[in-house]
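The structure file start.cif is reproduced below (mmCIF, C-alpha atoms).
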data_start
#
loop_
_atom_site.group_PDB
_atom_site.id
_atom_site.type_symbol
_atom_site.label_atom_id
_atom_site.label_comp_id
_atom_site.auth_asym_id
_atom_site.auth_seq_id
_atom_site.Cartn_x
_atom_site.Cartn_y
_atom_site.Cartn_z
ATOM 1 C CA MET F 8 -15.437 84.850 -104.118
ATOM 2 C CA GLU F 9 -18.269 85.120 -101.621
ATOM 3 C CA ASN F 10 -19.900 87.785 -103.811
ATOM 4 C CA ASP F 11 -19.717 85.705 -107.000
ATOM 5 C CA ALA F 12 -23.441 84.904 -106.867
ATOM 6 C CA SER F 13 -24.388 88.587 -106.681
ATOM 7 C CA TYR F 14 -21.882 89.439 -109.452
ATOM 8 C CA LEU F 15 -23.349 86.659 -111.607
ATOM 9 C CA ALA F 16 -26.850 88.012 -110.925
ATOM 10 C CA LYS F 17 -25.780 91.448 -112.191
ATOM 11 C CA LEU F 18 -24.333 89.866 -115.333
ATOM 12 C CA GLN F 19 -27.574 87.918 -115.852
ATOM 13 C CA ASP F 20 -29.613 91.115 -115.503
ATOM 14 C CA TYR F 21 -27.295 92.888 -117.957
ATOM 15 C CA TYR F 22 -27.722 90.005 -120.409
ATOM 16 C CA ALA F 23 -31.523 90.161 -120.017
ATOM 17 C CA ASP F 24 -31.464 93.879 -120.853
ATOM 18 C CA HIS F 25 -28.919 93.799 -123.694
ATOM 19 C CA SER F 26 -28.931 90.204 -125.073
ATOM 20 C CA VAL F 27 -25.134 90.205 -124.851
ATOM 21 C CA LEU F 28 -22.555 90.020 -122.073
ATOM 22 C CA PRO F 29 -20.523 93.165 -121.444
ATOM 23 C CA PRO F 30 -16.804 93.580 -122.164
ATOM 24 C CA TYR F 31 -14.364 93.549 -119.230
ATOM 25 C CA SER F 32 -14.328 97.371 -118.977
ATOM 26 C CA THR F 33 -18.107 97.486 -118.587
ATOM 27 C CA ILE F 34 -18.042 94.614 -116.091
ATOM 28 C CA MET F 35 -15.487 96.584 -114.074
ATOM 29 C CA THR F 36 -17.843 99.581 -113.894
ATOM 30 C CA LEU F 37 -20.990 97.467 -113.429
ATOM 31 C CA LEU F 38 -19.537 95.594 -110.452
ATOM 32 C CA GLY F 39 -17.641 98.516 -108.933
ATOM 33 C CA PHE F 40 -14.126 97.114 -109.418
ATOM 34 C CA LYS F 41 -11.158 99.498 -109.567
ATOM 35 C CA SER F 42 -9.193 97.525 -112.187
ATOM 36 C CA LYS F 43 -9.609 94.746 -114.723
ATOM 37 C CA SER F 44 -7.645 92.126 -112.754
ATOM 38 C CA PRO F 45 -10.517 91.305 -110.349
ATOM 39 C CA VAL F 46 -12.791 91.101 -113.425
ATOM 40 C CA ALA F 47 -10.417 88.578 -115.011
ATOM 41 C CA ALA F 48 -10.346 86.536 -111.781
ATOM 42 C CA LEU F 49 -14.160 86.591 -111.506
ATOM 43 C CA VAL F 50 -14.579 85.590 -115.164
ATOM 44 C CA ALA F 51 -12.108 82.729 -114.674
ATOM 45 C CA ARG F 52 -14.053 81.459 -111.646
ATOM 46 C CA LEU F 53 -17.388 81.731 -113.456
ATOM 47 C CA LYS F 54 -15.926 79.886 -116.466
ATOM 48 C CA LEU F 55 -14.680 77.069 -114.220
ATOM 49 C CA GLN F 56 -18.174 76.749 -112.760
ATOM 50 C CA GLY F 57 -19.788 76.657 -116.229
ATOM 51 C CA PHE F 58 -21.590 80.013 -116.009
ATOM 52 C CA LEU F 59 -19.503 81.745 -118.685
ATOM 53 C CA GLU F 60 -17.663 80.724 -121.857
ATOM 54 C CA SER F 61 -15.634 82.545 -124.498
ATOM 55 C CA THR F 62 -16.415 82.734 -128.194
ATOM 56 C CA ALA F 63 -13.743 82.152 -130.845
ATOM 57 C CA GLU F 64 -13.369 85.959 -130.946
ATOM 58 C CA LYS F 65 -12.633 85.946 -127.174
ATOM 59 C CA ARG F 66 -15.947 87.584 -126.254
ATOM 60 C CA LEU F 67 -17.908 86.355 -123.264
ATOM 61 C CA LYS F 68 -21.054 84.327 -123.786
ATOM 62 C CA PRO F 69 -23.420 82.485 -121.443
ATOM 63 C CA GLY F 70 -22.205 79.056 -120.392
ATOM 64 C CA LYS F 71 -24.346 75.979 -119.859
ATOM 65 C CA ARG F 72 -25.223 76.991 -116.276
ATOM 66 C CA PHE F 73 -25.788 80.717 -116.982
ATOM 67 C CA PHE F 74 -29.563 80.320 -117.208
ATOM 68 C CA GLU F 75 -29.926 78.108 -114.126
ATOM 69 C CA ARG F 76 -32.456 79.313 -111.620
ATOM 70 C CA PRO F 77 -32.918 78.135 -108.039
ATOM 71 C CA ILE F 78 -35.750 75.686 -107.506
ATOM 72 C CA PHE F 79 -36.772 75.490 -103.866
ATOM 73 C CA ASP F 80 -37.977 72.328 -102.137
ATOM 74 C CA SER F 81 -41.615 73.328 -101.796
ATOM 75 C CA VAL F 82 -44.085 75.949 -100.781
ATOM 76 C CA ARG F 83 -47.483 75.227 -99.329
ATOM 77 C CA ALA F 84 -50.521 76.423 -101.198
ATOM 78 C CA GLY F 85 -52.631 75.768 -98.098
ATOM 79 C CA LEU F 86 -51.688 76.850 -94.604
ATOM 80 C CA PRO F 87 -48.361 78.660 -94.227
ATOM 81 C CA SER F 88 -45.342 76.816 -92.855
ATOM 82 C CA ALA F 89 -42.160 78.115 -91.241
ATOM 83 C CA ALA F 90 -39.808 79.649 -93.784
ATOM 84 C CA GLY F 91 -36.505 78.856 -92.078
ATOM 85 C CA ASP F 92 -33.601 78.003 -94.302
ATOM 86 C CA MET F 93 -35.140 76.614 -97.449
ATOM 87 C CA SER F 94 -32.779 74.377 -99.366
ATOM 88 C CA TYR F 95 -32.744 74.489 -103.133
ATOM 89 C CA ASP F 96 -31.312 72.938 -106.240
ATOM 90 C CA THR F 97 -30.927 74.613 -109.611
ATOM 91 C CA VAL F 98 -32.553 73.980 -112.955
ATOM 92 C CA THR F 99 -32.674 75.646 -116.339
ATOM 93 C CA ILE F 100 -36.082 76.093 -117.906
ATOM 94 C CA ASP F 101 -34.934 74.241 -121.039
ATOM 95 C CA GLU F 102 -33.673 71.322 -118.941
ATOM 96 C CA TYR F 103 -36.939 71.216 -117.050
ATOM 97 C CA LEU F 104 -39.444 71.601 -119.898
ATOM 98 C CA ILE F 105 -37.685 70.595 -123.094
ATOM 99 C CA SER F 106 -36.479 67.049 -123.686
ATOM 100 C CA HIS F 107 -36.036 67.221 -127.465
ATOM 101 C CA PRO F 108 -35.060 70.757 -128.563
ATOM 102 C CA SER F 109 -35.051 69.970 -132.292
ATOM 103 C CA SER F 110 -38.667 68.798 -132.193
ATOM 104 C CA THR F 111 -40.066 71.258 -129.655
ATOM 105 C CA ALA F 112 -42.099 74.377 -130.327
ATOM 106 C CA LEU F 113 -43.623 76.978 -128.038
ATOM 107 C CA VAL F 114 -47.188 77.978 -128.869
ATOM 108 C CA THR F 115 -49.145 80.901 -127.406
ATOM 109 C CA VAL F 116 -52.697 79.968 -126.469
ATOM 110 C CA LYS F 117 -55.614 82.034 -127.766
ATOM 111 C CA GLY F 118 -59.109 81.349 -126.553
ATOM 112 C CA ASP F 119 -60.527 79.734 -123.447
ATOM 113 C CA SER F 120 -61.561 76.238 -124.523
ATOM 114 C CA MET F 121 -59.014 74.615 -122.165
ATOM 115 C CA ILE F 122 -59.483 76.709 -119.008
ATOM 116 C CA ASP F 123 -60.767 73.800 -116.926
ATOM 117 C CA ALA F 124 -57.445 72.070 -117.651
ATOM 118 C CA GLY F 125 -55.658 75.135 -116.249
ATOM 119 C CA ILE F 126 -54.649 76.564 -119.621
ATOM 120 C CA MET F 127 -55.603 80.217 -119.933
ATOM 121 C CA PRO F 128 -55.538 82.618 -122.877
ATOM 122 C CA GLY F 129 -52.009 84.001 -123.206
ATOM 123 C CA ASP F 130 -50.342 80.925 -121.688
ATOM 124 C CA THR F 131 -47.505 79.322 -123.592
ATOM 125 C CA VAL F 132 -47.600 75.581 -124.154
ATOM 126 C CA VAL F 133 -44.527 73.465 -124.839
ATOM 127 C CA VAL F 134 -45.275 71.149 -127.749
ATOM 128 C CA GLU F 135 -43.240 68.150 -128.882
ATOM 129 C CA LYS F 136 -43.683 67.195 -132.497
ATOM 130 C CA ARG F 137 -43.418 63.426 -132.176
ATOM 131 C CA GLY F 138 -44.991 60.080 -132.983
ATOM 132 C CA PRO F 139 -48.621 59.183 -132.678
ATOM 133 C CA ALA F 140 -50.598 60.766 -129.884
ATOM 134 C CA ARG F 141 -52.449 58.598 -127.412
ATOM 135 C CA VAL F 142 -56.012 59.040 -126.248
ATOM 136 C CA GLY F 143 -56.022 61.326 -123.209
ATOM 137 C CA GLU F 144 -53.015 63.381 -124.290
ATOM 138 C CA MET F 145 -53.381 67.099 -124.834
ATOM 139 C CA VAL F 146 -52.512 67.910 -128.427
ATOM 140 C CA ILE F 147 -52.220 70.678 -130.954
ATOM 141 C CA ALA F 148 -54.291 69.321 -133.826
ATOM 142 C CA ILE F 149 -54.928 70.527 -137.346
ATOM 143 C CA VAL F 150 -58.557 70.130 -138.339
ATOM 144 C CA ASP F 151 -59.727 71.432 -141.734
ATOM 145 C CA ASN F 152 -56.513 73.492 -142.024
ATOM 146 C CA GLU F 153 -57.020 75.156 -138.611
ATOM 147 C CA PHE F 154 -55.002 74.655 -135.417
ATOM 148 C CA THR F 155 -56.680 73.839 -132.120
ATOM 149 C CA LEU F 156 -55.571 72.798 -128.638
ATOM 150 C CA LYS F 157 -57.679 69.975 -127.184
ATOM 151 C CA THR F 158 -57.474 66.579 -125.494
ATOM 152 C CA LEU F 159 -57.419 63.657 -127.903
ATOM 153 C CA GLY F 160 -60.329 61.290 -127.376
ATOM 154 C CA LYS F 161 -62.081 58.476 -129.176
ATOM 155 C CA GLU F 162 -65.772 57.874 -129.850
ATOM 156 C CA LYS F 163 -67.108 54.899 -131.781
ATOM 157 C CA GLY F 164 -63.621 54.102 -133.062
ATOM 158 C CA LYS F 165 -62.955 57.629 -134.365
ATOM 159 C CA PHE F 166 -60.695 60.302 -132.923
ATOM 160 C CA VAL F 167 -62.330 63.387 -131.433
ATOM 161 C CA LEU F 168 -60.969 66.543 -129.827
ATOM 162 C CA ILE F 169 -62.328 67.292 -126.376
ATOM 163 C CA PRO F 170 -62.310 70.822 -124.920
ATOM 164 C CA ALA F 171 -61.888 71.545 -121.213
ATOM 165 C CA ASN F 172 -64.670 74.120 -121.078
ATOM 166 C CA PRO F 173 -68.343 73.134 -121.192
ATOM 167 C CA ALA F 174 -69.096 76.167 -123.376
ATOM 168 C CA TYR F 175 -67.388 74.410 -126.302
ATOM 169 C CA PRO F 176 -68.510 71.294 -128.180
ATOM 170 C CA VAL F 177 -66.447 68.185 -128.804
ATOM 171 C CA ILE F 178 -64.867 68.432 -132.249
ATOM 172 C CA ARG F 179 -65.693 65.420 -134.402
ATOM 173 C CA PRO F 180 -63.551 65.888 -137.517
ATOM 174 C CA GLN F 181 -65.358 65.143 -140.756
ATOM 175 C CA GLY F 182 -62.180 65.363 -142.822
ATOM 176 C CA ASP F 183 -58.536 65.017 -142.003
ATOM 177 C CA LEU F 184 -57.243 65.200 -138.463
ATOM 178 C CA GLU F 185 -53.511 65.774 -138.161
ATOM 179 C CA ILE F 186 -51.620 65.952 -134.879
ATOM 180 C CA PHE F 187 -49.086 68.783 -134.975
ATOM 181 C CA GLY F 188 -47.668 67.858 -131.567
ATOM 182 C CA ILE F 189 -48.268 66.778 -128.005
ATOM 183 C CA VAL F 190 -48.365 69.285 -125.141
ATOM 184 C CA VAL F 191 -45.663 68.423 -122.599
ATOM 185 C CA GLY F 192 -45.676 71.586 -120.482
ATOM 186 C CA GLN F 193 -46.922 75.113 -120.094
ATOM 187 C CA PHE F 194 -46.055 78.402 -118.462
ATOM 188 C CA ARG F 195 -47.487 81.855 -118.005
ATOM 189 C CA LYS F 196 -46.054 85.212 -117.143
ATOM 190 C CA TYR F 197 -47.993 87.238 -114.618
ATOM 191 C CA LYS F 198 -48.208 90.939 -115.228
#
Output the file's structure as structure tokens, nothing else.
Amino acid sequence: MENDASYLAKLQDYYADHSVLPPYSTIMTLLGFKSKSPVAALVARLKLQGFLESTAEKRLKPGKRFFERPIFDSVRAGLPSAAGDMSYDTVTIDEYLISHPSSTALVTVKGDSMIDAGIMPGDTVVVEKRGPARVGEMVIAIVDNEFTLKTLGKEKGKFVLIPANPAYPVIRPQGDLEIFGIVVGQFRKYK
């Protein structure tokens, strides 16, 4: 039982590599067990904790908690502080970034018009397709049948799209301006 976290980690890595959980015989080999009975006991414990579930065909699949990751209290970006025993909670990325899955899209950013807002080319923004956007919100807008990521603003009673890079002009739509969605989060993967 004390090794359950490391066994779960191996199953998570296997899932990341294969997009499926292994059968009991593969779990036995993967975890170094000598028979299937400790595999069955481990699977039962992980099911009770919500990390694993079974499909109707009795295959293993990720449970609600399978994608949880530890989130530590804090880390200083300034002067270092003593590491000690850092306490942590857990969170899934979906739980953290996505409030309304049916109306949420992920969009990859191209271009550098929002770099001063911390959004770099290649970043992924989390966009909720919902009601009217408010001035000051970052939006994905459709202007003249083209998508753009900007901050919604208002000048002389008309909506404008404001970049976060002085190299780009404010967009003052002459025709239709449609809001595809509102940016509610972002992430980037470092190489």
Since I can't run it myself right now, could you work out what the PyMOL selection byres ((chain F and resi 28-37) around 12) selects here and report it as a PyMOL selection string? chain F and resi 13-27+38-51+58-62+65-70+73
Name every residue that the PyMOL selection byres ((chain F and resi 186) around 12) selects in this structure, writing the answer as an MDAnalysis selection string with chains first and numbers rising. chainID F and resid 134:142 144:159 166:168 183:185 187:190
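Here the question is which of F:Lys54, F:Ala12, F:Lys196, F:Val98 gets nearest to Pro128 of chain F using all atoms listed in the file, and that residue is F:Lys196.
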Considering all atoms listed in the file, can you say which of F:Arg195, F:Arg52, F:Arg72, F:Lys163 comes closest to Thr115 of chain F?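 Selected residue with least distance to Thr115 of chain F: F:Arg195.
With all atoms listed in the file as the atoms that count, the minimum distance from Lys198 of chain F to the choices F:Thr97, F:Arg76, F:Gly129, F:Lys161 is reached by F:Gly129.
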State, in Å with one decimal place, the distance from atom CA of Ser109 of chain F to atom CA of Gly125 of chain F.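 That distance, rounded to one decimal, is 26.6 Å.
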Between atom CA of Ile126 of chain F and atom CA of Phe194 of chain F, what is the distance, to one decimal in Å?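 Result for atom CA of Ile126 of chain F versus atom CA of Phe194 of chain F: 8.9 Å, one decimal.
Across the structure, atom CA of Thr131 of chain F and atom CA of Val191 of chain F are spaced 11.1 Å apart.
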Within 9 Å of Asp119 of chain F using only C-alpha atoms, minus same-chain residues under 3 positions, as a ChimeraX atom specification: /F:116,122-123,126-128,171-172
From the options F:Gly57, F:Met8, F:Gln193, F:Ala124, which residue's atoms come nearest to Ala112 of chain F, counting all atoms listed in the file?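 Ranked by minimum distance to Ala112 of chain F, first place goes to F:Gln193.
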